[in-house]
2 protein chains.
Amino acid sequence: MQDFGDNAVATPLRLGVAGLGNVGATLVSILQRDGIELTKKLGRQIVVTAVAARSRSRDRGIDISGLEWFDDPVALAKSENIDLFVELIGGEDGPAYAAVKAALEIGRPVVTANKALLAKHGVSLAKIAEESGAQLGFEAAVAGGIPVIKTLREGLGSASIARVYGIMNGTCNYILTRMGNEDISFAECLRDAQALGYAEADPTFDVEGFDTAHKLSILATLCFGYEIAPDKIQVEGISKITQADIKVAADLGYKIKLLGMALRSEDGIEQRVHPTFVPKTSAIAGVDGVMNAVALETDHVHELLLAGPGAGGPPTASSVLSDILDIARGTRVPPLGVPSQELMPYKQAPARDHDGGFYIRINARDVPGALAAIATRMGERSISIESVIQRPDLRVKDEVIDGPPTRTVVMLTQKTQESAVRESLAQIATDGFIVGEPQLIRIELL
Amino acid sequence: MQDFGDNAVATPLRLGVAGLGNVGATLVSILQRDGIELTKKLGRQIVVTAVAARSRSRDRGIDISGLEWFDDPVALAKSENIDLFVELIGGEDGPAYAAVKAALEIGRPVVTANKALLAKHGVSLAKIAEESGAQLGFEAAVAGGIPVIKTLREGLGSASIARVYGIMNGTCNYILTRMGNEDISFAECLRDAQALGYAEADPTFDVEGFDTAHKLSILATLCFGYEIAPDKIQVEGISKITQADIKVAADLGYKIKLLGMALRSEDGIEQRVHPTFVPKTSAIAGVDGVMNAVALETDHVHELLLAGPGAGGPPTASSVLSDILDIARGTRVPPLGVPSQELMPYKQAPARDHDGGFYIRINARDVPGALAAIATRMGERSISIESVIQRPDLRVKDEVIDGPPTRTVVMLTQKTQESAVRESLAQIATDGFIVGEPQLIRIELL
């Protein structure tokens, strides 16, 4: 392994940066601008000496003429002329994976912002890093500029975490916040977000919750000490959220947020990503726009909330740089908080009653006895209804429902299992009392 | 200096703990309970081997029979049988200072939760630590269980902080929160807080803002790189806040919070502690009860908010433990973020216009022309009045004002200097138009 002890303090730390998109270019420019300041703080110089990217000639607003150029990130990762490899290419496999693996195998420290890579290969990469004595930093992979990885790996003593949840996708939070402030649809909001650069041309990965799921799986491992399990997550995105849902939520004292949430119980772990009714007075409800937030609840009912920018060049590059500085100082932490051989195999907790209950919006057939029939079906599965709202303005704008006339009905349930609600709704659909897909959203008592 | 490199991994880290109050006893019990778990995580055993406290026989709910006992914390700090000294005695001088200094001088790492000590002697202690190669951790000294010191020392890359502010005293926040929820006076709230153990028998240090000032001075140094200057802080507590102030604030869309705030400008640093009108919709307004929060604003207008428990045994002991774990891992960071010889001498920024304006509550003589005369005096000092409220219910309950009849009047100013407002109010008092002390509270646009 490489030595960052006292003997090395006077020698500069040479970085190879693969990927010169927004974050990569910002990192290079920060190091060019703040180099002297950082050297003072650290007692050691940090310099970018080599880069790899797809196009050598693209204008990125930075001068890379003095840097060694690599077409192949793997060759950069293994170069004798760097001390630390920074991976900002992205993607769960391909060159990002190959290059990170190659660097770690030769004991070279790596800093990456790649959540997809970590979610898929985090455990095996941690193992390689521990064997070769290399450090692996990924602060920027979850919640961009918020130091949540450092807090989990180093900041909590032996506090045992019972639940972690958060808003980890700025695109979704921007859309939900705008839908809450203006009377516009999901589709309109998404178009605006794309125009503003807050959403990709293909937004599926963000709006359907997969990005949040990747981040959640990494946090869950750091919180609970189980292997990373991105495939063991119930994932639901925000594309079906309507103005009607947002309005009813507001009337009842809630906001709708896309939350990623993981809980530990004696029976295992539960991981979920879905739109959620959160009380307006909760701290997480105040996190609006492109901001992110992560809440950590320990066994002492001691809750920490970390909120800040979840994306963007400067915040994300700041997090990448904080990992680089830790490595330059010689900080050593197992990548996943505990040594990878101590990680437990993932254990899925069995489904259980959900304390907060559910929000249900249905289009009920406008025939006598429909509501009574629906309530009876719910009762058969021991679902208690907390409240029912039927108002003309709950109708989803532009929604075309073929067939007989319907009325939009909203119900809030008490504590119950999601499967019971789903089975009951399926039964009611079979009975012919509802038309179209019901909307089902969890309520969390945060 | 002591070696915590690879060679030392197998040897246990022996702690000497001075001070066995709530935090000290909790720390000892956590280490006794979670020792095996921590050893797995760290690859190294952490054991308390010696303690010092005032009374050997007091029942603290922990077993100290197997530990070496010291009556003198300085002797414990210098003992050959410990590797790390934990100072939980408290107090800015006396045995706490003597013991911490003695440990650092022989190159022994120290972890402390003592904000008063740090505020007064932080720079000289950091110098001693750097010279002897010892680490000095003090995560628990500011905002108890919130990892704000770690975030500032290690988590922000090279991001440059422009402003830091926060709620750093749980006693004050508890009192202000209760006054906001119930129609009770400061004095009543304080009595309840004392009964619940949230306030000391002599509450001056907390409620008059001095505790917040100590913490702020430490944060300001970590944020801005100037020497710690706890005496260069304008400090005002919450003891003069009345129900009338709380009510008007709520009516106008604000909450009143005791904030510590430090700002960096080209002309120097401004540090203030005072009750503050904060918009109800701001994130900091949602931090209620005994919770604390610290907000960091960087030059990229990238704001981080860290919220959590500011005090209490388990959260504070967790922070102490996270410092211990960092030292056990071999993490090395200059105590004050930059090497102490790089700290700049404190430079006070000159007074300037306050963007948010001020809230003013006065008892105006109930005579014709009084309001006009008051407004004229304000105008003479270029103070623009944003709004005026005169309502019978603004009268402070039980307030006895001798002399002629008065009416309570509230004014909000536009952007102006505090000195202009104070001079103007003094002039109006001389004119004989107001009775009693005016109330003056800053409004912050957070």
# chains A, B, ... in the order shown; residues from 1 in each chain; ligands from 1
>>> closest_atom_pairs(of="segment 209-275 of chain A", to="segment 186-200 of chain A", cutoff="7 Å", atoms="only C-alpha atoms", output="CSV")
residue,atom,partner,partner_atom,distance
A:Ser239,CA,A:Phe186,CA,6.5
A:Ile241,CA,A:Phe186,CA,6.9
A:Thr242,CA,A:Phe186,CA,6.7
>>> write_last_selection(atoms="N, CA, C and O atoms", output="mmCIF file, in the first residue's frame")
data_model
loop_
_atom_site.group_PDB
_atom_site.id
_atom_site.type_symbol
_atom_site.label_atom_id
_atom_site.label_comp_id
_atom_site.auth_asym_id
_atom_site.auth_seq_id
_atom_site.Cartn_x
_atom_site.Cartn_y
_atom_site.Cartn_z
ATOM 1 N N SER A 239 -44.125 9.507 -11.236
ATOM 2 C CA SER A 239 -44.779 9.899 -12.486
ATOM 3 C C SER A 239 -46.308 9.813 -12.425
ATOM 4 O O SER A 239 -46.995 10.396 -13.238
ATOM 5 N N ILE A 241 -48.088 10.817 -9.751
ATOM 6 C CA ILE A 241 -48.615 11.783 -8.780
ATOM 7 C C ILE A 241 -49.363 12.885 -9.537
ATOM 8 O O ILE A 241 -48.848 13.456 -10.494
ATOM 9 N N THR A 242 -50.580 13.159 -9.090
ATOM 10 C CA THR A 242 -51.394 14.169 -9.767
ATOM 11 C C THR A 242 -51.596 15.390 -8.869
ATOM 12 O O THR A 242 -51.339 15.340 -7.664
#
>>> interface_residues(of="chain B", to="chain A", cutoff="8 Å", atoms="only C-alpha atoms", output="ChimeraX atom specification")
/B:30,34,38,40-42,146-147,150-151,154-159,281-283,286-287,300,302-309,314-315,318-323,325-326,329-333,337-339,342
>>> write_last_selection(atoms="C-alpha atoms", output="short mmCIF file (atom, residue, chain, number, x, y, z; two decimals), in the first residue's frame")
data_model
loop_
_atom_site.label_atom_id
_atom_site.label_comp_id
_atom_site.auth_asym_id
_atom_site.auth_seq_id
_atom_site.Cartn_x
_atom_site.Cartn_y
_atom_site.Cartn_z
CA ILE B 30 -21.19 2.66 26.07
CA ASP B 34 -20.39 -1.94 22.79
CA LEU B 38 -16.41 -1.44 18.19
CA LYS B 40 -14.85 -5.48 15.05
CA LYS B 41 -15.50 -2.20 13.31
CA LEU B 42 -12.16 -0.71 14.18
CA ILE B 146 -24.29 17.01 15.62
CA PRO B 147 -21.04 16.31 13.74
CA LYS B 150 -15.94 17.08 11.67
CA THR B 151 -17.89 18.60 8.79
CA GLU B 154 -12.84 17.54 7.05
CA GLY B 155 -16.08 17.54 5.11
CA LEU B 156 -16.15 20.61 2.91
CA GLY B 157 -13.20 20.29 0.59
CA SER B 158 -12.01 23.80 -0.12
CA ALA B 159 -15.47 25.37 0.01
CA THR B 281 -40.74 28.94 6.34
CA SER B 282 -36.97 28.83 6.91
CA ALA B 283 -35.41 25.49 7.76
CA GLY B 286 -38.45 24.21 12.18
CA VAL B 287 -35.77 23.35 14.76
CA HIS B 300 -21.41 29.03 -4.00
CA HIS B 302 -24.60 26.19 -1.23
CA GLU B 303 -26.15 25.87 2.18
CA LEU B 304 -25.80 22.94 4.50
CA LEU B 305 -28.03 22.49 7.52
CA LEU B 306 -27.13 20.03 10.25
CA ALA B 307 -29.80 19.50 12.88
CA GLY B 308 -29.94 17.18 15.87
CA PRO B 309 -29.70 16.88 19.63
CA PRO B 314 -26.00 9.58 24.74
CA PRO B 315 -25.67 12.09 21.85
CA SER B 318 -21.46 9.58 20.85
CA SER B 319 -19.61 12.65 19.65
CA VAL B 320 -16.84 12.12 22.21
CA LEU B 321 -16.58 8.53 21.04
CA SER B 322 -16.40 9.51 17.36
CA ASP B 323 -13.35 11.66 18.20
CA LEU B 325 -12.41 6.42 17.09
CA ASP B 326 -10.81 8.94 14.71
CA ARG B 329 -7.75 5.05 13.39
CA GLY B 330 -4.85 7.47 13.11
CA THR B 331 -6.75 10.39 11.59
CA ARG B 332 -4.68 13.55 11.75
CA VAL B 333 -6.21 16.99 11.37
CA GLY B 337 -8.84 23.12 10.72
CA VAL B 338 -5.66 24.90 9.60
CA PRO B 339 -2.30 24.79 11.37
CA GLU B 342 -1.84 29.97 9.65
#
>>> select_by_dssp(residues="segment 266-343 of chain B", states="helix (DSSP H, G or I)", output="PyMOL selection string")
chain B and resi 283-286+313-329+340-342
>>> select_by_dssp(residues="segment 120-241 of chain A", states="strand (DSSP E or B)", output="list in words")
Leu136, Gly137, Ile161, Ala162, Arg163, Val164, Tyr165, Gly166, Ile167, Tyr226, Gln234 and Val235 of chain A
>>> write_last_selection(atoms="N, CA, C and O atoms", output="mmCIF file, in the first residue's frame")
data_model
loop_
_atom_site.group_PDB
_atom_site.id
_atom_site.type_symbol
_atom_site.label_atom_id
_atom_site.label_comp_id
_atom_site.auth_asym_id
_atom_site.auth_seq_id
_atom_site.Cartn_x
_atom_site.Cartn_y
_atom_site.Cartn_z
ATOM 1 N N LEU A 136 -10.935 3.908 -0.314
ATOM 2 C CA LEU A 136 -11.971 4.110 -1.333
ATOM 3 C C LEU A 136 -12.980 5.110 -0.763
ATOM 4 O O LEU A 136 -13.673 4.825 0.205
ATOM 5 N N GLY A 137 -13.033 6.304 -1.382
ATOM 6 C CA GLY A 137 -13.930 7.365 -0.905
ATOM 7 C C GLY A 137 -15.071 7.583 -1.887
ATOM 8 O O GLY A 137 -14.856 7.535 -3.099
ATOM 9 N N ILE A 161 -28.077 2.712 14.380
ATOM 10 C CA ILE A 161 -29.141 3.373 13.626
ATOM 11 C C ILE A 161 -30.318 2.424 13.417
ATOM 12 O O ILE A 161 -30.143 1.260 13.087
ATOM 13 N N ALA A 162 -31.508 2.938 13.678
ATOM 14 C CA ALA A 162 -32.723 2.134 13.546
ATOM 15 C C ALA A 162 -33.432 2.423 12.232
ATOM 16 O O ALA A 162 -34.071 1.560 11.653
ATOM 17 N N ARG A 163 -33.321 3.662 11.752
ATOM 18 C CA ARG A 163 -34.006 4.044 10.524
ATOM 19 C C ARG A 163 -33.238 5.156 9.834
ATOM 20 O O ARG A 163 -32.712 6.049 10.484
ATOM 21 N N VAL A 164 -33.169 5.086 8.515
ATOM 22 C CA VAL A 164 -32.576 6.166 7.729
ATOM 23 C C VAL A 164 -33.572 6.494 6.628
ATOM 24 O O VAL A 164 -34.204 5.602 6.063
ATOM 25 N N TYR A 165 -33.786 7.767 6.374
ATOM 26 C CA TYR A 165 -34.649 8.124 5.254
ATOM 27 C C TYR A 165 -34.219 9.463 4.701
ATOM 28 O O TYR A 165 -33.540 10.236 5.382
ATOM 29 N N GLY A 166 -34.615 9.706 3.480
ATOM 30 C CA GLY A 166 -34.216 10.985 2.927
ATOM 31 C C GLY A 166 -34.765 11.269 1.559
ATOM 32 O O GLY A 166 -35.382 10.418 0.901
ATOM 33 N N ILE A 167 -34.562 12.525 1.180
ATOM 34 C CA ILE A 167 -34.856 13.008 -0.167
ATOM 35 C C ILE A 167 -33.515 13.011 -0.882
ATOM 36 O O ILE A 167 -32.640 13.799 -0.536
ATOM 37 N N TYR A 226 -25.259 -4.592 6.696
ATOM 38 C CA TYR A 226 -25.606 -5.706 5.813
ATOM 39 C C TYR A 226 -25.012 -5.432 4.430
ATOM 40 O O TYR A 226 -24.717 -4.285 4.091
ATOM 41 N N GLN A 234 -38.307 -2.077 -2.750
ATOM 42 C CA GLN A 234 -39.594 -1.793 -3.378
ATOM 43 C C GLN A 234 -39.496 -0.371 -3.928
ATOM 44 O O GLN A 234 -39.338 0.579 -3.166
ATOM 45 N N VAL A 235 -39.547 -0.218 -5.254
ATOM 46 C CA VAL A 235 -39.303 1.094 -5.871
ATOM 47 C C VAL A 235 -40.537 1.582 -6.616
ATOM 48 O O VAL A 235 -41.101 0.862 -7.444
#
>>> residues_around(residues="Gln243 of chain B", least_positions_apart="4", cutoff="10 Å", atoms="only C-alpha atoms", output="compact mmCIF listing (two decimals) with N, CA, C and O atoms, in the first residue's frame")
# COMPACT_ATOMS: atom_id res chain seq x y z
N LEU B 176 -38.04 29.24 24.20
CA LEU B 176 -38.69 29.99 23.12
C LEU B 176 -39.76 29.16 22.42
O LEU B 176 -40.81 29.67 22.03
N MET B 179 -42.78 29.07 24.74
CA MET B 179 -43.46 30.37 24.73
C MET B 179 -44.25 30.56 23.43
O MET B 179 -45.27 31.25 23.41
N GLY B 180 -43.78 29.93 22.36
CA GLY B 180 -44.49 30.02 21.08
C GLY B 180 -45.73 29.15 21.04
O GLY B 180 -46.69 29.45 20.32
N GLU B 182 -47.48 28.10 23.94
CA GLU B 182 -48.39 28.33 25.06
C GLU B 182 -48.28 29.79 25.48
O GLU B 182 -47.26 30.42 25.29
N ASP B 183 -49.32 30.27 26.10
CA ASP B 183 -49.33 31.67 26.50
C ASP B 183 -48.70 31.84 27.88
O ASP B 183 -49.37 32.19 28.84
N ILE B 184 -47.39 31.54 27.98
CA ILE B 184 -46.73 31.66 29.28
C ILE B 184 -45.50 32.55 29.14
O ILE B 184 -44.96 32.73 28.06
N SER B 185 -45.09 33.10 30.26
CA SER B 185 -44.00 34.09 30.25
C SER B 185 -42.64 33.40 30.26
O SER B 185 -42.52 32.20 30.54
N PHE B 186 -41.62 34.18 29.98
CA PHE B 186 -40.25 33.68 30.06
C PHE B 186 -39.97 33.07 31.43
O PHE B 186 -39.42 31.97 31.52
N LYS B 247 -45.96 36.75 19.89
CA LYS B 247 -47.23 36.80 19.16
C LYS B 247 -47.14 37.63 17.89
O LYS B 247 -47.64 37.23 16.84
N VAL B 248 -46.54 38.81 18.01
CA VAL B 248 -46.39 39.64 16.82
C VAL B 248 -45.55 38.92 15.78
O VAL B 248 -45.86 38.91 14.59
N ALA B 249 -44.47 38.27 16.24
CA ALA B 249 -43.63 37.53 15.32
C ALA B 249 -44.48 36.51 14.55
O ALA B 249 -44.42 36.44 13.31
N LEU B 394 -51.08 43.73 22.48
CA LEU B 394 -49.62 43.68 22.46
C LEU B 394 -49.02 44.04 23.82
O LEU B 394 -47.84 43.84 24.05
N ARG B 395 -49.87 44.60 24.68
CA ARG B 395 -49.39 44.97 26.01
C ARG B 395 -48.79 43.76 26.73
O ARG B 395 -49.38 42.67 26.72
N VAL B 396 -47.62 43.92 27.31
CA VAL B 396 -47.00 42.82 28.04
C VAL B 396 -47.79 42.58 29.31
O VAL B 396 -48.04 43.50 30.08
N LYS B 397 -48.17 41.32 29.50
CA LYS B 397 -48.98 40.92 30.66
C LYS B 397 -48.21 41.27 31.94
O LYS B 397 -47.01 41.04 32.01
>>> atom_distance(atom1="atom CA of Ala98 of chain A", atom2="atom CA of Ala18 of chain A")
11.9 Å
>>> closest_residue(among="A:Val290, A:Ala220, A:Ile89, A:Ile374", to="Glu270 of chain A", atoms="only C-alpha atoms")
A:Ala220
>>> residues_around(residues="Asp206 of chain A", least_positions_apart="3", cutoff="8 Å", atoms="only C-alpha atoms", output="PyMOL selection string")
chain A and resi 169+171-172+199+203+209-212
>>> closest_residue(among="B:Val86, B:Asp202, B:Gln341, B:Ser387", to="Ile128 of chain B", atoms="only C-alpha atoms")
B:Gln341
>>> closest_residue(among="B:Ala429, B:Gly313, B:Ala349, B:Leu27", to="Arg365 of chain B", atoms="only C-alpha atoms")
B:Ala429
>>> atom_distance(atom1="atom CA of Lys347 of chain A", atom2="atom CA of Pro230 of chain A")
12.6 Å
>>> atom_distance(atom1="atom CA of Pro275 of chain A", atom2="atom CA of Pro350 of chain A")
21.1 Å
>>> residues_around(residues="Met378 of chain B", least_positions_apart="5", cutoff="9 Å", atoms="only C-alpha atoms", output="list in words")
Ala373, Ile383, Ser384, Ile385, Ala420, Val421, Ser424, Leu425 and Ile428 of chain B
>>> residues_around(residues="Pro405 of chain B", least_positions_apart="5", cutoff="10 Å", atoms="only C-alpha atoms", output="PyMOL selection string")
chain B and resi 363-367+435
>>> write_last_selection(atoms="N, CA, C and O atoms", output="mmCIF file, in the first residue's frame")
data_model
loop_
_atom_site.group_PDB
_atom_site.id
_atom_site.type_symbol
_atom_site.label_atom_id
_atom_site.label_comp_id
_atom_site.auth_asym_id
_atom_site.auth_seq_id
_atom_site.Cartn_x
_atom_site.Cartn_y
_atom_site.Cartn_z
ATOM 1 N N ASN B 363 -43.460 51.308 24.397
ATOM 2 C CA ASN B 363 -44.657 51.822 25.053
ATOM 3 C C ASN B 363 -44.667 53.323 24.806
ATOM 4 O O ASN B 363 -43.889 54.074 25.415
ATOM 5 N N ALA B 364 -45.534 53.740 23.880
ATOM 6 C CA ALA B 364 -45.561 55.151 23.494
ATOM 7 C C ALA B 364 -46.559 55.902 24.367
ATOM 8 O O ALA B 364 -47.639 55.385 24.653
ATOM 9 N N ARG B 365 -46.197 57.096 24.783
ATOM 10 C CA ARG B 365 -47.119 57.945 25.533
ATOM 11 C C ARG B 365 -48.406 58.115 24.741
ATOM 12 O O ARG B 365 -48.388 58.344 23.538
ATOM 13 N N ASP B 366 -49.527 58.019 25.468
ATOM 14 C CA ASP B 366 -50.834 58.107 24.810
ATOM 15 C C ASP B 366 -51.255 59.572 24.702
ATOM 16 O O ASP B 366 -52.229 60.005 25.296
ATOM 17 N N VAL B 367 -50.497 60.341 23.940
ATOM 18 C CA VAL B 367 -50.812 61.765 23.748
ATOM 19 C C VAL B 367 -50.857 62.058 22.254
ATOM 20 O O VAL B 367 -50.191 61.370 21.476
ATOM 21 N N VAL B 435 -42.031 55.214 27.266
ATOM 22 C CA VAL B 435 -41.884 54.896 28.677
ATOM 23 C C VAL B 435 -41.299 53.491 28.768
ATOM 24 O O VAL B 435 -41.700 52.597 28.030
#
>>> residues_around(residues="Val110 of chain A", least_positions_apart="6", cutoff="8 Å", atoms="only C-alpha atoms", output="VMD selection string")
chain A and resid 84 to 87 100 103 to 104 134 to 137
>>> write_last_selection(atoms="N, CA, C and O atoms", output="mmCIF file, in the first residue's frame")
data_model
loop_
_atom_site.group_PDB
_atom_site.id
_atom_site.type_symbol
_atom_site.label_atom_id
_atom_site.label_comp_id
_atom_site.auth_asym_id
_atom_site.auth_seq_id
_atom_site.Cartn_x
_atom_site.Cartn_y
_atom_site.Cartn_z
ATOM 1 N N LEU A 84 -3.351 8.921 -6.748
ATOM 2 C CA LEU A 84 -4.759 8.724 -6.385
ATOM 3 C C LEU A 84 -5.586 8.832 -7.655
ATOM 4 O O LEU A 84 -5.348 9.714 -8.484
ATOM 5 N N PHE A 85 -6.551 7.936 -7.802
ATOM 6 C CA PHE A 85 -7.379 7.905 -9.008
ATOM 7 C C PHE A 85 -8.782 8.418 -8.683
ATOM 8 O O PHE A 85 -9.423 7.931 -7.749
ATOM 9 N N VAL A 86 -9.239 9.403 -9.460
ATOM 10 C CA VAL A 86 -10.578 9.968 -9.259
ATOM 11 C C VAL A 86 -11.468 9.530 -10.418
ATOM 12 O O VAL A 86 -11.186 9.852 -11.576
ATOM 13 N N GLU A 87 -12.524 8.789 -10.110
ATOM 14 C CA GLU A 87 -13.403 8.255 -11.156
ATOM 15 C C GLU A 87 -14.687 9.070 -11.205
ATOM 16 O O GLU A 87 -15.499 9.032 -10.289
ATOM 17 N N VAL A 100 -11.648 1.568 -11.714
ATOM 18 C CA VAL A 100 -11.629 1.593 -10.246
ATOM 19 C C VAL A 100 -11.010 0.301 -9.712
ATOM 20 O O VAL A 100 -10.168 0.317 -8.817
ATOM 21 N N ALA A 103 -7.228 0.219 -10.237
ATOM 22 C CA ALA A 103 -6.494 1.063 -9.292
ATOM 23 C C ALA A 103 -6.431 0.408 -7.916
ATOM 24 O O ALA A 103 -5.356 0.293 -7.307
ATOM 25 N N LEU A 104 -7.570 -0.050 -7.428
ATOM 26 C CA LEU A 104 -7.604 -0.642 -6.086
ATOM 27 C C LEU A 104 -6.710 -1.883 -6.011
ATOM 28 O O LEU A 104 -6.059 -2.123 -4.995
ATOM 29 N N ALA A 134 -5.731 -0.071 0.019
ATOM 30 C CA ALA A 134 -6.089 1.202 -0.612
ATOM 31 C C ALA A 134 -7.334 1.785 0.044
ATOM 32 O O ALA A 134 -8.199 1.066 0.518
ATOM 33 N N GLN A 135 -7.443 3.111 0.060
ATOM 34 C CA GLN A 135 -8.664 3.751 0.535
ATOM 35 C C GLN A 135 -9.634 3.943 -0.625
ATOM 36 O O GLN A 135 -9.214 4.120 -1.777
ATOM 37 N N LEU A 136 -10.935 3.908 -0.314
ATOM 38 C CA LEU A 136 -11.971 4.110 -1.333
ATOM 39 C C LEU A 136 -12.980 5.110 -0.763
ATOM 40 O O LEU A 136 -13.673 4.825 0.205
ATOM 41 N N GLY A 137 -13.033 6.304 -1.382
ATOM 42 C CA GLY A 137 -13.930 7.365 -0.905
ATOM 43 C C GLY A 137 -15.071 7.583 -1.887
ATOM 44 O O GLY A 137 -14.856 7.535 -3.099
#
>>> closest_residue(among="B:Thr39, B:Thr26, B:Cys223, B:Gly237", to="Ile62 of chain B", atoms="only C-alpha atoms")
B:Thr26
